[in-house]
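Student: Got a structure for you, questions after.
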There are 2 protein chains.
Amino acid sequence: MSSNLLRLEDCLEDSPQTRALIGVYERDCELLFNYSKGLNAACTRVANAQNELTLATQELSQKLKDYEHTKFSLSTDDDMISSTLQQLIPNVDEISSYNTVLHTQLVDNMAYHAKTFIETDLVECHRLKSSFYSGDKHHEEAAAKLARVSKKKPSEKGWQEATDQTYASKKRIS
Amino acid sequence: MSSNLLRLEDCLEDSPQTRALIGVYERDCELLFNYSKGLNAACTRVANAQNELTLATQELSQKLKDYEHTKFSLSTDDDMISSTLQQLIPNVDEISSYNTVLHTQLVDNMAYHAKTFIETDLVECHRLKSSFYSGDKHHEEAAAKLARVSKKKPSEKGWQEATDQTYASKKRIS
């Protein structure tokens with residue numbers, strides 16, 4: 001892998017080898033981008049499912065509590081269903097609170113980092129790539145202009161302008 | 001509550017008190033039916049959420065395994081991401097198998113029983129209630145017919161028919 005290292009000083013030379021190596025990095029970046037998006041979607045799905053489980057458990061707990069407030073004519077205060085529910089409800093509430101903690105941890109420790117990695121690092125790669133290609137195009141145009149000016153009519157002003165433009169676009173790339 | 005007990009022998013007498021008591025049982029049955037449907041919906045929601053969490057965890061595990069098969073040009077066999085994923089995947093698979101077990105237990109021990117209770121016991125209550133009212137109506141019509149026959153023209157055949165019909169409908173209710 002060490003032979004594949006892309007060095008900043010090599011880029012300044014702009015050899016075909018460096019360009020080919022940049023292409024390799026770009027392809028890997030694209031692969032990683034797609035893979036990360038898929039992984040992020042999977043992480044988000046897990047976090048959403050955990051959230052839905054939390055909400056569902058809370059609803060179940062509420063339903064169990066509702067039994068006490070359902071006015072059955074024939075029930076007594078000490079009927080078996082009521083007392084069983086009173087024992088069950090704290091357990092459901094406990095599970096519900098575990099689910100809440102799990103959801104928070106999944107969002108904070110998994111979904112958040114996957115999203116941040118994509119939105120900062122990988123999007124930055126895309127930005128740099130497009131900046132490189134636009135700068136490269138600009139440089140080629142400036143170099144072509146300089147070549148024409150040098151060959152045809154060597155006016156001091158035109159030459160200076162073309163040279164400045166080439167220099168500026170070279171600077172922009174590096 | 002013991003004073004509210006509905007006894008089969010009291011029903012055979014058909015007193016207003018018994019009818020009022022049947023009404024109380026019917027209203028409680030309706031309340032319990034509605035409550036149980038709500039509880040069943042909550043149970044089903046929890047089971048479905050748990051199922052979605054299982055599927056989401058399995059998808060996440062698959063995504064993590066996919067990394068190995070993504071052909072990055074610049075990666076080596078011993079890169080850190082790969083080795084970290086190899087340690088992570090068994091844990092995700094373990095969580096996935098817990099989720100599968102949880103889902104099976106929720107379906108078998110919670111959702112199934114709530115559904116069965118509603119579909120057998122409570123629906124049977126509804127069937128008995130509608131059967132009672134249709135039998136009661138039939139009996140009233142037969143008794144009215146018998147009263148008319150007895151008063152107007154006491155023919156042996158008409159009287160016998162009406163009496164048989166009344167008897168049959170009385171039997172049908174009890």
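Identifiers for the structure tokens are assigned positionally: chains receive A, B, ... in sequence, residues are indexed from 1 per chain, and ligands are indexed from 1 in the order shown.
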What's the 9 Å shell around Gly38 (chain A), counting only C-alpha atoms, without same-chain residues fewer than 5 positions away, as number ranges by chain?
Tutor: A: 33, 43; B: 63
Student: Could you save the residues just selected, with all heavy atoms, as an mmCIF file, in the first residue's frame?
Tutor:
```cif
data_model
loop_
_atom_site.group_PDB
_atom_site.id
_atom_site.type_symbol
_atom_site.label_atom_id
_atom_site.label_comp_id
_atom_site.auth_asym_id
_atom_site.auth_seq_id
_atom_site.Cartn_x
_atom_site.Cartn_y
_atom_site.Cartn_z
ATOM 1 N N PHE A 33 -18.102 6.140 -0.143
ATOM 2 C CA PHE A 33 -19.278 7.006 -0.013
ATOM 3 C C PHE A 33 -20.546 6.162 -0.124
ATOM 4 O O PHE A 33 -21.443 6.252 0.721
ATOM 5 C CB PHE A 33 -19.235 8.072 -1.123
ATOM 6 C CG PHE A 33 -20.176 9.226 -0.901
ATOM 7 C CD1 PHE A 33 -20.426 9.723 0.373
ATOM 8 C CD2 PHE A 33 -20.814 9.824 -1.981
ATOM 9 C CE1 PHE A 33 -21.290 10.802 0.568
ATOM 10 C CE2 PHE A 33 -21.679 10.901 -1.787
ATOM 11 C CZ PHE A 33 -21.915 11.380 -0.506
ATOM 12 N N CYS A 43 -28.034 1.819 9.985
ATOM 13 C CA CYS A 43 -27.963 2.363 11.354
ATOM 14 C C CYS A 43 -29.244 3.123 11.693
ATOM 15 O O CYS A 43 -29.803 2.966 12.782
ATOM 16 C CB CYS A 43 -26.775 3.311 11.506
ATOM 17 S SG CYS A 43 -25.183 2.499 11.435
ATOM 18 N N LYS B 63 -24.685 -5.480 6.350
ATOM 19 C CA LYS B 63 -23.936 -4.318 5.824
ATOM 20 C C LYS B 63 -22.497 -4.356 6.317
ATOM 21 O O LYS B 63 -21.564 -4.052 5.577
ATOM 22 C CB LYS B 63 -24.596 -3.025 6.306
ATOM 23 C CG LYS B 63 -25.755 -2.559 5.451
ATOM 24 C CD LYS B 63 -25.272 -1.880 4.182
ATOM 25 C CE LYS B 63 -26.399 -1.862 3.169
ATOM 26 N NZ LYS B 63 -25.930 -1.787 1.810
#
```
Student: Please identify every residue of chain B that has at least one atom no farther than 10 Å from an atom of chain A, counting only C-alpha atoms, and for each give the shortest atom pair and the distance in Å to one decimal, arranged by chain then increasing number, as CSV.
Tutor:
```
residue,atom,partner,partner_atom,distance
B:Met1,CA,A:Leu74,CA,6.4
B:Ser2,CA,A:Leu74,CA,9.4
B:Asn4,CA,A:Leu74,CA,7.2
B:Leu5,CA,A:Leu74,CA,8.9
B:Val24,CA,A:Ser73,CA,6.9
B:Tyr25,CA,A:Leu74,CA,7.5
B:Arg27,CA,A:Ser73,CA,8.3
B:Asp28,CA,A:Phe72,CA,5.6
B:Cys29,CA,A:Phe72,CA,8.8
B:Glu30,CA,A:Phe72,CA,9.9
B:Leu31,CA,A:Phe72,CA,7.2
B:Leu32,CA,A:Phe72,CA,8.1
B:Tyr35,CA,A:Tyr67,CA,7.5
B:Ser36,CA,A:Lys63,CA,9.4
B:Gly38,CA,A:Lys63,CA,7.3
B:Leu39,CA,A:Lys63,CA,5.9
B:Asn40,CA,A:Leu60,CA,9.1
B:Ala41,CA,A:Leu60,CA,8.8
B:Ala42,CA,A:Leu60,CA,5.1
B:Cys43,CA,A:Leu60,CA,6.5
B:Thr44,CA,A:Ala56,CA,8.9
B:Arg45,CA,A:Ala56,CA,5.8
B:Val46,CA,A:Ala56,CA,5.0
B:Ala47,CA,A:Leu53,CA,8.4
B:Asn48,CA,A:Leu53,CA,8.4
B:Ala49,CA,A:Leu53,CA,4.9
B:Gln50,CA,A:Leu53,CA,6.2
B:Asn51,CA,A:Ala49,CA,8.7
B:Glu52,CA,A:Ala49,CA,5.9
B:Leu53,CA,A:Ala49,CA,4.9
B:Thr54,CA,A:Val46,CA,8.5
B:Leu55,CA,A:Val46,CA,8.5
B:Ala56,CA,A:Val46,CA,5.0
B:Thr57,CA,A:Val46,CA,6.0
B:Gln58,CA,A:Ala42,CA,9.2
B:Glu59,CA,A:Ala42,CA,6.3
B:Leu60,CA,A:Ala42,CA,5.1
B:Ser61,CA,A:Ala42,CA,8.9
B:Gln62,CA,A:Ala42,CA,9.3
B:Lys63,CA,A:Leu39,CA,5.9
B:Leu64,CA,A:Leu39,CA,7.4
B:Asp66,CA,A:Tyr35,CA,8.5
B:Tyr67,CA,A:Tyr35,CA,7.5
B:Thr70,CA,A:Leu31,CA,7.7
B:Lys71,CA,A:Leu31,CA,8.2
B:Phe72,CA,A:Asp28,CA,5.5
B:Ser73,CA,A:Asp28,CA,6.4
B:Leu74,CA,A:Met1,CA,6.4
B:Ser75,CA,A:Met1,CA,7.3
B:Thr76,CA,A:Met1,CA,6.8
```
Student: Would you mind telling me which residue in A:Lys115, A:Arg7, A:Lys129, A:His138 lies nearest to Ala168 (chain A) when using only C-alpha atoms?
Tutor: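 For Ala168 (chain A), the nearest of the given residues is A:His138.
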Student: Chain B vs chain A: Cα RMSD after least-squares superposition over all Cα in order?
Tutor: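 The C-alpha RMSD comes to 0.2 Å.
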Student: Which residues are near Glu140 (chain B)? Cut-off 12 Å, only C-alpha atoms, ignore same chain within fewer than 3 positions. Put them as a list of chain:residue names.
Tutor: B:Tyr133, B:Ser134, B:Gly135, B:Asp136, B:Lys137, B:Ala143, B:Ala144, B:Lys145, B:Leu146, B:Ala147, B:Ala162, B:Gln165, B:Thr166, B:Tyr167, B:Ala168, B:Ser169, B:Lys170, B:Ile173
Student: Would you mind exporting the chosen residues as a compact mmCIF listing (two decimals), in the first residue's frame, restricted to N, CA and C atoms?
Tutor:
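Final output, again03.txt:
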```
# COMPACT_ATOMS: atom_id res chain seq x y z
N TYR B 133 -81.02 -12.66 22.26
CA TYR B 133 -82.01 -11.67 21.83
C TYR B 133 -82.88 -12.20 20.71
N SER B 134 -82.28 -12.98 19.80
CA SER B 134 -83.11 -13.52 18.71
C SER B 134 -84.08 -14.56 19.29
N GLY B 135 -83.61 -15.38 20.24
CA GLY B 135 -84.50 -16.37 20.88
C GLY B 135 -85.60 -15.70 21.67
N ASP B 136 -85.25 -14.61 22.38
CA ASP B 136 -86.21 -13.88 23.20
C ASP B 136 -87.32 -13.29 22.32
N LYS B 137 -86.90 -12.72 21.18
CA LYS B 137 -87.86 -12.11 20.25
C LYS B 137 -88.82 -13.20 19.72
N ALA B 143 -95.59 -16.24 22.07
CA ALA B 143 -96.50 -16.04 23.21
C ALA B 143 -97.67 -15.13 22.80
N ALA B 144 -97.36 -14.10 21.99
CA ALA B 144 -98.42 -13.19 21.52
C ALA B 144 -99.41 -13.95 20.65
N LYS B 145 -98.89 -14.81 19.79
CA LYS B 145 -99.74 -15.61 18.92
C LYS B 145 -100.64 -16.52 19.75
N LEU B 146 -100.06 -17.15 20.75
CA LEU B 146 -100.81 -18.04 21.64
C LEU B 146 -101.94 -17.27 22.33
N ALA B 147 -101.63 -16.03 22.78
CA ALA B 147 -102.64 -15.21 23.46
C ALA B 147 -103.81 -14.90 22.52
N ALA B 162 -99.75 -23.04 18.30
CA ALA B 162 -99.21 -21.90 19.05
C ALA B 162 -98.52 -22.36 20.32
N GLN B 165 -95.19 -23.86 19.43
CA GLN B 165 -94.22 -22.82 19.05
C GLN B 165 -93.68 -22.13 20.29
N THR B 166 -94.56 -21.82 21.24
CA THR B 166 -94.13 -21.17 22.48
C THR B 166 -93.15 -22.07 23.23
N TYR B 167 -93.49 -23.36 23.31
CA TYR B 167 -92.65 -24.32 24.02
C TYR B 167 -91.27 -24.39 23.37
N ALA B 168 -91.28 -24.48 22.03
CA ALA B 168 -90.01 -24.60 21.30
C ALA B 168 -89.12 -23.37 21.53
N SER B 169 -89.75 -22.19 21.52
CA SER B 169 -88.95 -20.99 21.69
C SER B 169 -88.47 -20.84 23.13
N LYS B 170 -89.26 -21.31 24.09
CA LYS B 170 -88.81 -21.30 25.49
C LYS B 170 -87.58 -22.20 25.64
N ILE B 173 -84.37 -20.62 24.25
CA ILE B 173 -83.69 -19.64 25.11
C ILE B 173 -82.89 -20.33 26.21
```
Student: Calculate how many Å separate CA of Leu6 (chain B) from CA of Thr18 (chain B), rounding to one decimal.
Tutor: 7.5 Å
Student: Quick check, in Å to one decimal: how far apart do CA of Asn34 (chain A) and CA of Tyr112 (chain A) lie?
Tutor: 17.4 Å
Student: Report, in Å to a single decimal, how far apart CA of Asp10 (chain A) and CA of Ala142 (chain A) are.
Tutor: 21.7 Å
